[in-house]
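File shown here: entry.tsv, holding TSV, C-alpha atoms and all ligand atoms.
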```
chain	number	residue	atom	x	y	z
A	1	MET	CA	64.60	45.22	53.08
A	2	ASP	CA	63.11	48.48	51.84
A	3	HIS	CA	64.64	50.96	49.43
A	4	VAL	CA	65.57	53.51	52.10
A	5	ALA	CA	67.39	50.89	54.20
A	6	ARG	CA	69.29	49.72	51.11
A	7	ALA	CA	70.13	53.32	50.23
A	8	ARG	CA	71.61	53.81	53.70
A	9	GLU	CA	73.76	50.69	53.27
A	10	HIS	CA	75.13	52.01	49.99
A	11	LEU	CA	75.77	55.44	51.50
A	12	ALA	CA	77.71	53.86	54.37
A	13	SER	CA	80.39	52.76	51.86
A	14	GLY	CA	81.33	56.44	51.36
A	15	THR	CA	82.14	55.78	47.70
A	16	GLU	CA	80.88	57.39	44.50
A	17	THR	CA	79.46	54.03	43.35
A	18	GLY	CA	77.67	53.64	46.68
A	19	LEU	CA	76.19	57.14	46.35
A	20	ARG	CA	74.94	56.48	42.82
A	21	HIS	CA	73.34	53.16	43.88
A	22	ALA	CA	71.78	54.91	46.90
A	23	ALA	CA	70.31	57.55	44.57
A	24	LEU	CA	68.66	54.84	42.49
A	25	GLU	CA	67.17	53.24	45.63
A	26	LEU	CA	65.87	56.61	46.87
A	27	ARG	CA	64.26	57.35	43.51
A	28	MET	CA	62.55	53.96	43.68
A	29	ALA	CA	61.38	54.78	47.23
A	30	ILE	CA	59.80	58.03	45.98
A	31	GLU	CA	58.14	56.16	43.10
A	32	ARG	CA	56.69	53.65	45.60
A	33	ILE	CA	55.34	56.49	47.79
A	34	ALA	CA	53.51	57.95	44.79
A	35	TYR	CA	52.25	54.56	43.53
A	36	ARG	CA	50.91	53.63	46.98
A	37	PHE	CA	48.16	56.25	46.55
A	38	LEU	CA	46.92	55.03	43.17
A	39	PRO	CA	44.41	52.36	44.37
A	40	LEU	CA	42.79	54.96	46.65
A	41	TYR	CA	42.05	57.24	43.70
A	42	SER	CA	40.86	54.67	41.14
A	43	GLN	CA	37.61	56.63	40.59
A	44	GLU	CA	39.35	59.98	40.35
A	45	LEU	CA	42.62	59.69	38.47
A	46	THR	CA	42.67	59.55	34.70
A	47	ASP	CA	43.56	56.39	32.76
A	48	ASP	CA	46.97	57.72	31.67
A	49	ILE	CA	48.04	57.58	35.33
A	50	LEU	CA	46.06	54.54	36.50
A	51	LYS	CA	47.38	52.43	33.61
A	52	GLY	CA	50.97	53.57	34.10
A	53	TRP	CA	51.43	55.52	30.84
A	54	ASN	CA	52.28	58.53	32.98
A	55	TRP	CA	54.47	57.07	35.70
A	56	GLN	CA	56.64	60.01	36.77
A	57	PRO	CA	56.14	60.80	40.51
A	58	LYS	CA	55.79	64.54	39.84
A	59	ARG	CA	52.92	63.93	37.41
A	60	ILE	CA	51.22	61.51	39.84
A	61	LEU	CA	51.67	63.77	42.87
A	62	ASP	CA	50.28	66.79	40.97
A	63	ALA	CA	47.27	64.70	39.88
A	64	LEU	CA	46.67	63.48	43.47
A	65	VAL	CA	46.62	67.03	44.81
A	66	ASP	CA	44.36	68.06	41.93
A	67	CYS	CA	41.90	65.30	43.02
A	68	ASN	CA	42.33	65.94	46.73
A	69	PRO	CA	43.59	69.38	47.81
A	70	GLY	CA	43.82	68.05	51.39
A	71	ALA	CA	46.45	65.45	50.43
A	72	GLU	CA	49.25	67.83	51.40
A	73	GLN	CA	47.92	68.45	54.91
A	74	ASP	CA	48.76	66.53	58.08
A	75	PHE	CA	45.73	65.45	60.06
A	76	THR	CA	44.63	63.02	62.72
A	77	ILE	CA	42.04	60.40	61.82
A	78	ARG	CA	39.79	59.35	64.68
A	79	ALA	CA	36.94	56.84	64.46
A	80	ALA	CA	34.37	56.35	67.22
A	81	PHE	CA	30.82	55.07	67.72
A	82	ARG	CA	28.19	57.60	68.73
A	83	ASN	CA	26.81	57.57	72.27
A	84	PRO	CA	22.98	57.23	72.54
A	85	ASN	CA	22.78	61.00	73.22
A	86	GLY	CA	24.58	61.69	69.90
A	87	SER	CA	27.94	62.70	71.35
A	88	PRO	CA	31.07	60.88	70.05
A	89	GLY	CA	32.08	57.84	72.14
A	90	PRO	CA	35.63	56.73	72.94
A	91	SER	CA	37.96	56.34	69.91
A	92	VAL	CA	38.12	52.86	68.43
A	93	PHE	CA	40.82	53.96	66.02
A	94	ARG	CA	43.22	56.86	65.92
A	95	GLY	CA	45.99	57.51	63.43
A	96	LYS	CA	47.89	60.32	61.79
A	97	GLN	CA	48.05	61.01	58.10
A	98	GLN	CA	51.32	62.54	56.96
A	99	GLY	CA	50.65	65.27	54.41
A	100	LEU	CA	52.24	64.54	51.08
A	101	PRO	CA	55.25	66.88	50.59
A	102	ARG	CA	54.66	67.04	46.85
A	103	LYS	CA	57.18	69.73	45.92
A	104	LEU	CA	59.92	68.25	48.11
A	105	LEU	CA	59.42	64.75	46.67
A	106	SER	CA	59.48	65.87	43.06
A	107	ARG	CA	62.42	68.25	43.61
A	108	ASN	CA	64.50	65.57	45.36
A	109	TYR	CA	63.54	62.97	42.75
A	110	ASP	CA	64.85	65.23	39.98
A	111	LYS	CA	68.03	66.11	41.86
A	112	LEU	CA	68.74	62.42	42.58
A	113	GLY	CA	68.34	61.84	38.83
A	114	SER	CA	71.63	63.67	38.24
A	115	LEU	CA	73.35	60.84	40.18
A	116	VAL	CA	71.94	57.99	38.12
A	117	HIS	CA	72.98	59.48	34.78
A	118	VAL	CA	76.37	60.33	33.33
A	119	ASP	CA	76.92	64.10	33.26
A	120	PRO	CA	77.29	65.01	29.55
A	121	ARG	CA	79.45	68.03	30.51
A	122	GLY	CA	81.85	65.79	32.45
A	123	LYS	CA	81.39	67.90	35.61
A	124	PRO	CA	83.13	66.23	38.60
A	125	LEU	CA	80.83	64.93	41.34
A	126	ASP	CA	80.89	66.72	44.71
A	127	LEU	CA	80.81	63.50	46.74
A	128	PRO	CA	80.50	64.98	50.30
A	129	LYS	CA	77.81	67.48	49.29
A	130	MET	CA	75.71	65.00	47.33
A	131	SER	CA	76.12	62.28	50.03
A	132	LYS	CA	74.75	64.74	52.58
A	133	PHE	CA	71.84	65.52	50.29
A	134	ALA	CA	71.10	61.79	49.76
A	135	GLU	CA	71.19	61.17	53.53
A	136	ALA	CA	68.83	64.10	54.16
A	137	THR	CA	66.45	62.74	51.49
A	138	ALA	CA	66.49	59.28	53.12
A	139	SER	CA	65.57	60.81	56.51
A	140	ARG	CA	62.84	62.97	54.98
A	141	ILE	CA	61.08	60.22	53.04
A	142	GLU	CA	61.52	57.37	55.52
A	143	VAL	CA	58.23	58.02	57.32
A	144	TYR	CA	56.24	57.61	54.09
A	145	CYS	CA	57.75	54.18	53.47
A	146	GLN	CA	56.63	52.74	56.80
A	147	GLU	CA	53.70	50.37	56.60
A	148	THR	CA	52.18	52.05	59.68
A	149	THR	CA	51.87	55.41	57.94
A	150	ILE	CA	48.26	55.94	56.92
A	151	VAL	CA	47.40	56.95	53.41
A	152	ALA	CA	43.76	57.90	53.15
A	153	ASN	CA	41.20	59.20	50.72
A	154	GLY	CA	37.43	59.39	50.88
A	155	LEU	CA	37.17	61.22	54.20
A	156	ALA	CA	36.21	64.56	52.64
A	157	PRO	CA	32.79	65.17	51.02
A	158	ALA	CA	32.73	64.12	47.37
A	159	VAL	CA	30.32	63.65	44.49
A	160	THR	CA	30.08	60.72	42.08
A	161	PHE	CA	29.00	60.98	38.44
A	162	THR	CA	28.37	58.55	35.61
A	163	CYS	CA	29.70	59.79	32.29
A	164	GLN	CA	27.82	59.16	29.04
A	165	CYS	CA	30.53	56.58	28.22
A	166	GLY	CA	29.49	54.61	31.34
A	167	ARG	CA	32.57	55.41	33.44
A	168	VAL	CA	31.77	56.27	37.05
A	169	PHE	CA	34.00	58.96	38.48
A	170	ARG	CA	34.30	60.76	41.76
A	171	ARG	CA	35.29	64.33	42.63
A	172	ASN	CA	36.22	65.72	46.01
A	173	MET	CA	34.13	68.86	46.74
A	174	ALA	CA	37.21	70.85	47.79
A	175	ALA	CA	38.68	70.04	44.36
A	176	VAL	CA	35.45	71.17	42.65
A	177	ARG	CA	35.71	74.55	44.41
A	178	ILE	CA	39.27	75.01	43.10
A	179	ASN	CA	38.66	73.69	39.58
A	180	ALA	CA	35.08	73.21	38.41
A	181	LYS	CA	36.17	71.69	35.11
A	182	VAL	CA	36.70	67.93	35.25
A	183	ARG	CA	37.66	65.42	32.58
A	184	CYS	CA	36.14	61.93	32.35
A	185	PRO	CA	39.01	59.63	33.43
A	186	ALA	CA	38.44	57.22	30.52
A	187	ASP	CA	41.16	57.88	27.97
A	188	SER	CA	38.93	56.91	25.02
A	189	CYS	CA	36.24	59.41	26.16
A	190	ALA	CA	37.94	62.39	27.84
A	191	ALA	CA	34.62	64.31	27.92
A	192	VAL	CA	34.98	67.54	29.88
A	193	PHE	CA	32.29	68.60	32.36
A	194	ASP	CA	31.60	71.86	34.19
A	195	LEU	CA	30.58	71.09	37.77
A	196	THR	CA	28.32	73.40	39.74
A	197	GLU	CA	27.96	73.00	43.48
A	198	THR	CA	24.40	72.60	44.78
A	199	SER	CA	22.90	72.22	48.27
A	200	THR	CA	23.01	68.42	47.91
A	201	GLY	CA	26.30	67.99	46.04
A	202	ALA	CA	27.05	69.05	42.48
A	203	VAL	CA	25.66	68.80	38.97
A	204	ALA	CA	27.78	68.08	35.91
A	205	VAL	CA	27.08	69.67	32.53
A	206	ARG	CA	29.11	68.76	29.45
A	207	HIS	CA	31.55	71.54	28.58
A	208	HIS	CA	31.24	73.02	25.07
A	209	GLU	CA	33.45	75.37	23.05
A	210	THR	CA	32.03	77.77	20.48
A	211	PHE	CA	33.14	77.29	16.87
A	212	VAL	CA	32.69	80.15	14.38
A	213	CYS	CA	32.28	78.83	10.84
A	214	PRO	CA	34.74	80.47	8.39
A	215	SER	CA	32.16	80.09	5.54
A	216	CYS	CA	28.87	81.30	7.07
A	217	GLN	CA	30.04	82.78	10.43
A	218	ALA	CA	27.38	80.71	12.32
A	219	HIS	CA	28.23	79.72	15.90
A	220	THR	CA	28.20	75.98	16.71
A	221	LYS	CA	28.58	74.52	20.21
A	222	VAL	CA	31.16	71.72	20.09
A	223	PRO	CA	31.57	69.36	23.08
A	224	SER	CA	35.09	69.02	24.55
A	225	GLY	CA	36.43	65.49	24.61
A	226	ALA	CA	38.57	62.96	22.82
A	227	ILE	CA	39.81	63.85	19.35
A	228	PRO	CA	39.32	63.48	16.41
A	229	LEU	CA	35.76	64.81	16.73
A	230	HIS	CA	33.50	65.25	13.68
A	231	PHE	CA	30.72	67.84	13.67
A	232	ASN	CA	28.55	69.82	11.23
A	233	CYS	CA	28.27	73.61	11.17
A	234	ALA	CA	24.89	74.64	12.63
A	235	GLY	CA	24.48	77.20	9.82
A	236	CYS	CA	25.63	75.77	6.48
A	237	GLY	CA	25.99	72.13	7.53
A	238	GLU	CA	29.62	71.95	6.39
A	239	ARG	CA	31.52	69.07	7.99
A	240	PHE	CA	34.51	69.80	10.28
A	241	ILE	CA	36.94	67.73	12.34
A	242	VAL	CA	38.51	68.77	15.65
A	243	ASP	CA	41.98	67.29	15.44
A	244	GLU	CA	45.51	67.73	16.63
A	245	GLY	CA	48.34	68.78	14.37
A	246	ILE	CA	50.68	71.48	13.19
A	247	PHE	CA	48.92	74.43	11.58
A	248	VAL	CA	50.82	76.76	9.31
A	249	ARG	CA	49.64	80.27	8.45
A	250	HIS	CA	51.25	83.14	6.62
A	251	ASP	CA	53.33	85.37	8.85
A	252	SER	CA	51.19	88.43	7.96
A	253	GLU	CA	47.89	86.72	8.94
A	254	PRO	CA	46.35	87.80	12.28
A	255	GLU	CA	46.67	85.24	15.14
B	1	ZN	ZN	33.38	59.32	29.68
B	2	ZN	ZN	28.90	77.24	8.28
```

Turn this file's structure into structure tokens for me.
Amino acid sequence: MDHVARAREHLASGTETGLRHAALELRMAIERIAYRFLPLYSQELTDDILKGWNWQPKRILDALVDCNPGAEQDFTIRAAFRNPNGSPGPSVFRGKQQGLPRKLLSRNYDKLGSLVHVDPRGKPLDLPKMSKFAEATASRIEVYCQETTIVANGLAPAVTFTCQCGRVFRRNMAAVRINAKVRCPADSCAAVFDLTETSTGAVAVRHHETFVCPSCQAHTKVPSGAIPLHFNCAGCGERFIVDEGIFVRHDSEPE
């Protein structure tokens, strides 16, 4: 039995315990909806998501839409062989993709979270109101849990690149037009590239930041990527490290 069906059974009890158990089932249903897309985006999503370090549905859904701006749209998928004269023949397959309601899923997931945790303020639960909300969520997400609902990727034009670390990654052209900066999905690499659309696809050039040396004022181009990163100043040759940390300066110093 699926999570939505189990949630409905719990809700039918009309009790607070039933509602809380239903909320847990519905949260699991939303997690499954998000996770179902992961294998389709194995060349696009970053390692933190593919390896489950970032498992929250909101984070996954945002990353999916970042990879595929069309993921939120409903559309019909039709496959057919071409007739000898070039016109499309009769459909051999036809199906509908349900657009991913990203904001609704993440909003409902968060709201259901209030039912699976104890309220630290001791606020009493509004059982009728929250039961109605849980039932509405079950109806809204049910269609995405059905095995017959199509989840698709790869239908839109895309480009594939091989990073200097050897990782092959893919980028949907619609995503490139929205955000031309793309990070290598490999967590150990994280090289950032600027993509430029061409007549045949796109070219990727490693993104660099400009570092101004505090000793000699020379400008050095530093590639964006995983930290820590060691580099030498192009002017005086002094060695620097790009790292992460807390930096303290005097209150009177300029920002
Ligand atoms: Zn890489
Ligand atoms: Zn220098």

Residues near Ser131 of chain A, cut-off 8 Å, all atoms listed in the file, skip fewer than 5 positions along chain, as a VMD selection string: chain A and resid 11 14 19

Nearest to ligand ZN 1 (chain B) by atom-to-atom distance, counting only C-alpha atoms and all ligand atoms, from A:Asp47, A:Pro84, A:Gln98, A:Arg239: A:Asp47

Test item: which residues lie within 10 Å of (34.9, 63.1, 31.5) counting all atoms listed in the file, as a PyMOL selection string: chain A and resi 46+161-165+167-169+181-194+204+206-207+224-226

Nearest-residue call for ligand ZN 2 (chain B), choices A:Thr210, A:Ser87, A:Ser215, A:Thr220, using only C-alpha atoms and all ligand atoms: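 Closest to ligand ZN 2 (chain B) of all the choices is A:Ser215.
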
Listing only residues of chain A within 6 Å of ligand ZN 2 (chain B), what is the closest atom pair and its distance in Å (to one decimal) for each, using all atoms listed in the file, sorted by chain and residue number ascending, as JSON lines?
```
{"residue": "A:Cys213", "atom": "CA", "partner": "B:ZN2", "partner_atom": "ZN", "distance": 4.5}
{"residue": "A:Ser215", "atom": "CA", "partner": "B:ZN2", "partner_atom": "ZN", "distance": 5.1}
{"residue": "A:Cys216", "atom": "CA", "partner": "B:ZN2", "partner_atom": "ZN", "distance": 4.2}
{"residue": "A:Ala218", "atom": "CA", "partner": "B:ZN2", "partner_atom": "ZN", "distance": 5.5}
{"residue": "A:Cys233", "atom": "CA", "partner": "B:ZN2", "partner_atom": "ZN", "distance": 4.7}
{"residue": "A:Gly235", "atom": "CA", "partner": "B:ZN2", "partner_atom": "ZN", "distance": 4.7}
{"residue": "A:Cys236", "atom": "CA", "partner": "B:ZN2", "partner_atom": "ZN", "distance": 4.0}
{"residue": "A:Gly237", "atom": "CA", "partner": "B:ZN2", "partner_atom": "ZN", "distance": 5.9}
{"residue": "A:Glu238", "atom": "CA", "partner": "B:ZN2", "partner_atom": "ZN", "distance": 5.7}
```

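With all atoms listed in the file as the atoms that count, the minimum distance from ligand ZN 1 (chain B) to the choices A:Met130, A:Val118, A:Gly166, A:Leu105 is reached by A:Gly166.
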
Contacts of Leu195 of chain A at 7 Å (all atoms listed in the file; same-chain gap of 4+ positions) as a list in words: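 Surrounding residues, per the criterion: Val176, Ala180, Lys181, Ala202, Val203, Ala204 and Val205 of chain A.
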